[in-house]
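Report on one structure; see the data block that follows.
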Amino acid sequence: MPKHTWTLLDVDQDVYLDRLTLSPADAPGLAGTWSVAKRTLRGGLRDGVDVVEVDNGTLRLVVVPTRGMGVWKASLGELQVGWRSPVAGPVHPALVRLWEPSGIGWLDGFDELLVRCGLESNGAPEFNPNGTLRYPLHGKIANQPARKVEVVVDTDARTLAVSGVVDEARLFGNKLRMVSTISTGLGRPGFTVTDAITNVSAERAELELLYHINFGPPLAEPGAKAVLPVVRMAPRDAVAVGNLAQWDTYGPESPGTPEAVFFFELAAEAAGRTRALLHNAAANQGVSLAFSKRQLPCFTLWKNRQAAIDGYVTGLEPAINFPNRKSFEKEKGRVAVLEPGETRTFEVTVEVHPDASSVAAAVAAVAALQRGVSPQILPKPDPEWSAS
């Protein structure tokens, strides 16, 4: 049989495995050095958080079903991919104060390599006229535990996958279901996230979705570069205007310096595929994202220039919208509407580049997308893109 499936969690069937370890002996036909292990973390803010650790023989990654099927961190040999948050996670969602009055309680749990923002809303918090919180920062999906989780080993395709079902629903509100699959091939220096989001309501539903994909040292460091195929770029606000000349270059740790954010339309090939790259100062280590501009037409570059202990990090963020308050994005036509039963699928591939030759190949791939396209760099925020 080409596929072997193990159920780790199924709320409907009252199934829950506290621990499971898989190796080639458990999937005849898929020889090699690989493993999948599920465990439950104990102690501190992570108490009760389920993680699934996937090792394809080259790349290791940690999937967190308890936190909306996010990817906590990854490594390729000695190269750590992710960032060091001042939050010691992964944090159990029960300890994240999403609805605290400031609107930014989402940050209590923010420490993942890949975290989704949505699904009903994302971006800046938004408040009602009376001052109460209407939409919290970056929405709810990252703090919704999966209701079903499976591991699938495909011996024909030579892939390892973790799939999860996450619901974001409430009475008298949106009812969205995300079926997420994080997959990797044996020996592959990367992984792919595929999300199918369905409106399970009998009424229309609204959808915002942004993939907040985050990197700190050693990839983000002084002299590191973001390499993007730019059609059009605009700074989000006055802070970004002040950093415009260095938008693609990372500076030193600068305590007290506010975050700089830039909005983009990226160039793509005829089929809609595009790529974004981050590499270190020496251009001998990097990471790139590959995705469809047709699925995810908006791109945000986030640069947090705080001291390392406070979270020196950058975010490469493909999305269906820009991370402004929802009412602004809705006014500009970037909030999607799903009809009853409608499904939209999104896919993002994260590829790690462990040496100079693989970084050079990624730079060349971006250059090919840029060829024939003259980038338009706006000197100030675009009122169609930025609510600031």
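How things are named: the first chain in the structure tokens is A, the next is B, and so on; residues count from 1 in each chain; ligands count from 1 in the order shown.
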
Mind running region 97-213 of chain A against region 13-29 of chain A at 10 Å and telling me each contacting residue's nearest atom pair with the distance in Å (one decimal), counting only C-alpha atoms, chain and number ascending, as a Markdown table?
```
| residue | atom | partner | partner_atom | distance |
| --- | --- | --- | --- | --- |
| A:Lys148 | CA | A:Val15 | CA | 8.9 |
| A:Val149 | CA | A:Tyr16 | CA | 9.4 |
| A:Val151 | CA | A:Leu22 | CA | 9.5 |
| A:Val152 | CA | A:Ala27 | CA | 10.0 |
| A:Val153 | CA | A:Ala27 | CA | 7.2 |
| A:Asp154 | CA | A:Ala27 | CA | 8.6 |
| A:Thr155 | CA | A:Gly29 | CA | 5.7 |
| A:Asp156 | CA | A:Gly29 | CA | 8.1 |
| A:Arg158 | CA | A:Gly29 | CA | 9.1 |
```

Surrounding residues of region 225-242 of chain A excluding itself and chain neighbours under 6 positions, 9 Å, only C-alpha atoms, as a PyMOL selection string: chain A and resi 248-250+258-268+274-281+283+301+316+363+366-371+373-382+385-388

Using C-alpha atoms, can you write the selected residues to a file as an mmCIF file, in the first residue's frame?
```
data_model
loop_
_atom_site.group_PDB
_atom_site.id
_atom_site.type_symbol
_atom_site.label_atom_id
_atom_site.label_comp_id
_atom_site.auth_asym_id
_atom_site.auth_seq_id
_atom_site.Cartn_x
_atom_site.Cartn_y
_atom_site.Cartn_z
ATOM 1 C CA ASP A 248 15.958 45.409 1.116
ATOM 2 C CA THR A 249 18.929 45.508 3.533
ATOM 3 C CA TYR A 250 19.034 44.684 7.229
ATOM 4 C CA PRO A 258 9.986 51.044 15.522
ATOM 5 C CA GLU A 259 9.166 48.321 13.017
ATOM 6 C CA ALA A 260 9.417 49.167 9.306
ATOM 7 C CA VAL A 261 6.813 47.679 6.946
ATOM 8 C CA PHE A 262 6.665 47.686 3.141
ATOM 9 C CA PHE A 263 3.827 46.601 0.850
ATOM 10 C CA PHE A 264 4.415 44.976 -2.561
ATOM 11 C CA GLU A 265 2.989 43.695 -5.768
ATOM 12 C CA LEU A 266 5.432 41.039 -6.942
ATOM 13 C CA ALA A 267 6.257 39.958 -10.483
ATOM 14 C CA ALA A 268 5.360 36.396 -11.431
ATOM 15 C CA THR A 274 6.539 33.886 -7.762
ATOM 16 C CA ARG A 275 9.367 33.759 -5.224
ATOM 17 C CA ALA A 276 10.746 35.798 -2.331
ATOM 18 C CA LEU A 277 14.251 35.283 -0.927
ATOM 19 C CA LEU A 278 16.113 36.230 2.233
ATOM 20 C CA HIS A 279 19.842 35.568 2.479
ATOM 21 C CA ASN A 280 22.497 36.390 5.042
ATOM 22 C CA ALA A 281 25.228 39.004 4.608
ATOM 23 C CA ALA A 283 25.048 35.151 0.693
ATOM 24 C CA LEU A 301 7.945 42.757 4.246
ATOM 25 C CA LEU A 316 8.075 37.614 4.645
ATOM 26 C CA VAL A 363 18.842 34.876 -6.627
ATOM 27 C CA VAL A 366 14.129 35.969 -8.648
ATOM 28 C CA ALA A 367 16.122 37.830 -11.319
ATOM 29 C CA ALA A 368 14.343 35.832 -14.015
ATOM 30 C CA LEU A 369 10.994 36.987 -12.645
ATOM 31 C CA GLN A 370 12.217 40.588 -12.531
ATOM 32 C CA ARG A 371 13.520 40.525 -16.109
ATOM 33 C CA VAL A 373 9.775 44.466 -15.277
ATOM 34 C CA SER A 374 10.871 47.912 -14.088
ATOM 35 C CA PRO A 375 10.152 48.170 -10.356
ATOM 36 C CA GLN A 376 8.052 51.120 -9.275
ATOM 37 C CA ILE A 377 9.200 52.301 -5.834
ATOM 38 C CA LEU A 378 6.806 54.812 -4.317
ATOM 39 C CA PRO A 379 8.356 57.473 -2.061
ATOM 40 C CA LYS A 380 5.371 57.589 0.289
ATOM 41 C CA PRO A 381 2.450 55.385 1.367
ATOM 42 C CA ASP A 382 -0.079 54.455 -1.297
ATOM 43 C CA TRP A 385 -2.710 50.079 0.127
ATOM 44 C CA SER A 386 -2.092 51.758 3.440
ATOM 45 C CA ALA A 387 -4.501 52.984 6.101
ATOM 46 C CA SER A 388 -1.679 54.840 7.917
#
```

From the list A:Arg273, A:Leu160, A:Phe191, A:Arg325, which residue is nearest Ser75 (chain A) when using only C-alpha atoms? A:Phe191

Provide the CA of Asn122 (chain A) to CA of Lys330 (chain A) distance in Å, to one decimal place.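 Computing it gives 11.6 Å between the two atoms.
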
Which one is closest to Glu150 (chain A): A:Trp302, A:Phe291, A:Phe322, A:Trp6? Count only C-alpha atoms. A:Trp6

Enumerate the residues of region 114-347 of chain A with a DSSP assignment of strand (DSSP E or B), computed from the backbone, and present them as a PyMOL selection string. chain A and resi 114-119+126-127+133-135+139+148-154+159-169+175-185+190-199+205-215+225-227+230-235+249+260-266+273-279+286-292+298-304+313-319+336-338+343-347

Do you know which residues are at most 8 Å from Lys140 (chain A) counting only C-alpha atoms, after dropping those on the same chain fewer than 3 positions away, and could you put them as a PyMOL selection string? chain A and resi 98+117-121+136+143-144+168

Just to be explicit: take each residue in the selection above, keep all heavy atoms, and write the result as a PDB file, in the first residue's frame.
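And here's selection-v7.pdb as it stands now:
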```
ATOM      1  N   LEU A  98      -6.221  37.021  23.598  1.00  0.00           N
ATOM      2  CA  LEU A  98      -6.580  37.623  22.312  1.00  0.00           C
ATOM      3  C   LEU A  98      -7.435  38.869  22.449  1.00  0.00           C
ATOM      4  O   LEU A  98      -7.275  39.836  21.699  1.00  0.00           O
ATOM      5  CB  LEU A  98      -7.335  36.610  21.446  1.00  0.00           C
ATOM      6  CG  LEU A  98      -6.555  35.679  20.536  1.00  0.00           C
ATOM      7  CD1 LEU A  98      -7.528  34.876  19.686  1.00  0.00           C
ATOM      8  CD2 LEU A  98      -5.597  36.471  19.651  1.00  0.00           C
ATOM      9  N   CYS A 117      -2.380  34.312   9.847  1.00  0.00           N
ATOM     10  CA  CYS A 117      -3.171  35.413  10.389  1.00  0.00           C
ATOM     11  C   CYS A 117      -4.510  35.419   9.665  1.00  0.00           C
ATOM     12  O   CYS A 117      -4.559  35.496   8.449  1.00  0.00           O
ATOM     13  CB  CYS A 117      -2.443  36.741  10.208  1.00  0.00           C
ATOM     14  SG  CYS A 117      -0.810  36.791  10.969  1.00  0.00           S
ATOM     15  N   GLY A 118      -5.585  35.352  10.377  1.00  0.00           N
ATOM     16  CA  GLY A 118      -6.931  35.244   9.822  1.00  0.00           C
ATOM     17  C   GLY A 118      -7.787  34.463  10.825  1.00  0.00           C
ATOM     18  O   GLY A 118      -7.412  34.327  11.971  1.00  0.00           O
ATOM     19  N   LEU A 119      -8.868  33.855  10.423  1.00  0.00           N
ATOM     20  CA  LEU A 119      -9.398  33.791   9.086  1.00  0.00           C
ATOM     21  C   LEU A 119     -10.473  34.854   8.872  1.00  0.00           C
ATOM     22  O   LEU A 119     -10.649  35.349   7.768  1.00  0.00           O
ATOM     23  CB  LEU A 119     -10.005  32.408   8.836  1.00  0.00           C
ATOM     24  CG  LEU A 119      -9.044  31.213   8.893  1.00  0.00           C
ATOM     25  CD1 LEU A 119      -9.798  29.896   8.819  1.00  0.00           C
ATOM     26  CD2 LEU A 119      -8.008  31.281   7.808  1.00  0.00           C
ATOM     27  N   GLU A 120     -11.210  35.190   9.924  1.00  0.00           N
ATOM     28  CA  GLU A 120     -12.228  36.230   9.784  1.00  0.00           C
ATOM     29  C   GLU A 120     -11.574  37.584   9.561  1.00  0.00           C
ATOM     30  O   GLU A 120     -12.086  38.430   8.828  1.00  0.00           O
ATOM     31  CB  GLU A 120     -13.117  36.280  11.019  1.00  0.00           C
ATOM     32  CG  GLU A 120     -14.230  37.318  10.926  1.00  0.00           C
ATOM     33  CD  GLU A 120     -15.066  37.401  12.193  1.00  0.00           C
ATOM     34  OE1 GLU A 120     -14.620  36.912  13.248  1.00  0.00           O
ATOM     35  OE2 GLU A 120     -16.177  37.969  12.119  1.00  0.00           O
ATOM     36  N   SER A 121     -10.421  37.799  10.212  1.00  0.00           N
ATOM     37  CA  SER A 121      -9.732  39.079  10.102  1.00  0.00           C
ATOM     38  C   SER A 121      -8.252  38.868  10.335  1.00  0.00           C
ATOM     39  O   SER A 121      -7.825  37.854  10.881  1.00  0.00           O
ATOM     40  CB  SER A 121     -10.280  40.087  11.122  1.00  0.00           C
ATOM     41  OG  SER A 121      -9.962  39.661  12.449  1.00  0.00           O
ATOM     42  N   PRO A 136      -9.298  41.583  16.917  1.00  0.00           N
ATOM     43  CA  PRO A 136      -7.969  41.640  17.526  1.00  0.00           C
ATOM     44  C   PRO A 136      -6.869  41.533  16.482  1.00  0.00           C
ATOM     45  O   PRO A 136      -7.110  41.077  15.355  1.00  0.00           O
ATOM     46  CB  PRO A 136      -7.961  40.413  18.445  1.00  0.00           C
ATOM     47  CG  PRO A 136      -8.878  39.440  17.756  1.00  0.00           C
ATOM     48  CD  PRO A 136      -9.951  40.282  17.112  1.00  0.00           C
ATOM     49  N   ASN A 143      -4.585  30.535  17.173  1.00  0.00           N
ATOM     50  CA  ASN A 143      -4.838  30.088  18.535  1.00  0.00           C
ATOM     51  C   ASN A 143      -6.052  29.160  18.618  1.00  0.00           C
ATOM     52  O   ASN A 143      -6.650  29.014  19.687  1.00  0.00           O
ATOM     53  CB  ASN A 143      -5.014  31.301  19.450  1.00  0.00           C
ATOM     54  CG  ASN A 143      -3.716  32.039  19.670  1.00  0.00           C
ATOM     55  OD1 ASN A 143      -2.868  31.615  20.448  1.00  0.00           O
ATOM     56  ND2 ASN A 143      -3.528  33.146  18.951  1.00  0.00           N
ATOM     57  N   GLN A 144      -6.374  28.502  17.499  1.00  0.00           N
ATOM     58  CA  GLN A 144      -7.447  27.519  17.463  1.00  0.00           C
ATOM     59  C   GLN A 144      -6.829  26.126  17.372  1.00  0.00           C
ATOM     60  O   GLN A 144      -6.152  25.811  16.388  1.00  0.00           O
ATOM     61  CB  GLN A 144      -8.362  27.753  16.258  1.00  0.00           C
ATOM     62  CG  GLN A 144      -9.081  29.091  16.259  1.00  0.00           C
ATOM     63  CD  GLN A 144     -10.087  29.199  17.378  1.00  0.00           C
ATOM     64  OE1 GLN A 144      -9.927  29.960  18.314  1.00  0.00           O
ATOM     65  NE2 GLN A 144     -11.142  28.408  17.292  1.00  0.00           N
ATOM     66  N   GLU A 168     -12.755  27.575  12.737  1.00  0.00           N
ATOM     67  CA  GLU A 168     -12.922  28.909  13.320  1.00  0.00           C
ATOM     68  C   GLU A 168     -14.389  29.278  13.109  1.00  0.00           C
ATOM     69  O   GLU A 168     -14.785  29.663  12.015  1.00  0.00           O
ATOM     70  CB  GLU A 168     -11.994  29.921  12.641  1.00  0.00           C
ATOM     71  CG  GLU A 168     -12.080  31.307  13.278  1.00  0.00           C
ATOM     72  CD  GLU A 168     -11.234  32.345  12.553  1.00  0.00           C
ATOM     73  OE1 GLU A 168      -9.997  32.187  12.550  1.00  0.00           O
ATOM     74  OE2 GLU A 168     -11.813  33.297  11.993  1.00  0.00           O
TER      75      GLU A 168
END
```

Separation of CA of Thr159 (chain A) and CA of Leu186 (chain A), in Å?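 CA of Leu186 (chain A) lies 6.0 Å from CA of Thr159 (chain A).
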
Return the single residue from A:Gly105, A:Ser327, A:Ser201, A:Pro255 that is closest to Leu171 (chain A), with distances computed using only C-alpha atoms.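 When distances to Leu171 (chain A) are compared using only C-alpha atoms, the smallest one comes from A:Ser201.
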
From the options A:Pro129, A:Gly109, A:Gly82, A:Pro217, which residue's atoms come nearest to Val350 (chain A), counting only C-alpha atoms?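 Using only C-alpha atoms, Val350 (chain A) sits closest to A:Gly82.
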
One residue among A:Arg42, A:Arg147, A:Lys332, A:Arg344 is nearest to Ser163 (chain A) when using only C-alpha atoms, and that residue is A:Arg147

Which of A:Val62, A:Ile104, A:Val81, A:Leu338 sits closest to Arg134 (chain A) [using only C-alpha atoms]: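 So, comparing all the options, the nearest one is A:Ile104.
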
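With CA of Thr198 (chain A) on one side and CA of His92 (chain A) on the other, the separation reads 25.3 Å.
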
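Every protein, DNA or RNA residue with an atom at most 8 Å from Leu45 (chain A), where only C-alpha atoms count and chain neighbours fewer than 5 positions away do not, is listed here: Ala88, Gly89, Pro90, Val91, His92 and Leu95 of chain A.
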
Selection above as a file: all heavy atoms, as a PDB file, in the first residue's frame:
```pdb
ATOM      1  N   ALA A  88       8.554  32.607  25.464  1.00  0.00           N
ATOM      2  CA  ALA A  88       9.078  31.240  25.551  1.00  0.00           C
ATOM      3  C   ALA A  88       7.959  30.262  25.220  1.00  0.00           C
ATOM      4  O   ALA A  88       7.237  29.792  26.091  1.00  0.00           O
ATOM      5  CB  ALA A  88       9.645  30.964  26.938  1.00  0.00           C
ATOM      6  N   GLY A  89       7.805  29.954  23.921  1.00  0.00           N
ATOM      7  CA  GLY A  89       6.715  29.111  23.478  1.00  0.00           C
ATOM      8  C   GLY A  89       7.163  27.707  23.145  1.00  0.00           C
ATOM      9  O   GLY A  89       8.250  27.289  23.539  1.00  0.00           O
ATOM     10  N   PRO A  90       6.311  26.981  22.405  1.00  0.00           N
ATOM     11  CA  PRO A  90       5.015  27.437  21.916  1.00  0.00           C
ATOM     12  C   PRO A  90       3.994  27.592  23.035  1.00  0.00           C
ATOM     13  O   PRO A  90       3.907  26.737  23.916  1.00  0.00           O
ATOM     14  CB  PRO A  90       4.597  26.341  20.933  1.00  0.00           C
ATOM     15  CG  PRO A  90       5.331  25.121  21.387  1.00  0.00           C
ATOM     16  CD  PRO A  90       6.621  25.593  21.971  1.00  0.00           C
ATOM     17  N   VAL A  91       3.242  28.667  22.994  1.00  0.00           N
ATOM     18  CA  VAL A  91       2.339  29.026  24.083  1.00  0.00           C
ATOM     19  C   VAL A  91       0.969  28.375  23.870  1.00  0.00           C
ATOM     20  O   VAL A  91       0.414  28.409  22.773  1.00  0.00           O
ATOM     21  CB  VAL A  91       2.182  30.556  24.169  1.00  0.00           C
ATOM     22  CG1 VAL A  91       1.228  30.930  25.296  1.00  0.00           C
ATOM     23  CG2 VAL A  91       3.539  31.217  24.368  1.00  0.00           C
ATOM     24  N   HIS A  92       0.436  27.795  24.934  1.00  0.00           N
ATOM     25  CA  HIS A  92      -0.902  27.219  24.833  1.00  0.00           C
ATOM     26  C   HIS A  92      -1.919  28.336  24.555  1.00  0.00           C
ATOM     27  O   HIS A  92      -1.878  29.389  25.207  1.00  0.00           O
ATOM     28  CB  HIS A  92      -1.268  26.488  26.124  1.00  0.00           C
ATOM     29  CG  HIS A  92      -2.420  25.558  25.946  1.00  0.00           C
ATOM     30  ND1 HIS A  92      -3.719  26.003  25.812  1.00  0.00           N
ATOM     31  CD2 HIS A  92      -2.473  24.201  25.838  1.00  0.00           C
ATOM     32  CE1 HIS A  92      -4.527  24.985  25.640  1.00  0.00           C
ATOM     33  NE2 HIS A  92      -3.801  23.869  25.652  1.00  0.00           N
ATOM     34  N   LEU A  95      -3.619  30.536  27.182  1.00  0.00           N
ATOM     35  CA  LEU A  95      -2.862  31.569  27.887  1.00  0.00           C
ATOM     36  C   LEU A  95      -2.620  32.806  27.029  1.00  0.00           C
ATOM     37  O   LEU A  95      -1.913  33.720  27.459  1.00  0.00           O
ATOM     38  CB  LEU A  95      -1.524  30.986  28.352  1.00  0.00           C
ATOM     39  CG  LEU A  95      -1.639  29.777  29.289  1.00  0.00           C
ATOM     40  CD1 LEU A  95      -0.267  29.208  29.591  1.00  0.00           C
ATOM     41  CD2 LEU A  95      -2.369  30.156  30.571  1.00  0.00           C
TER      42      LEU A  95
END
```
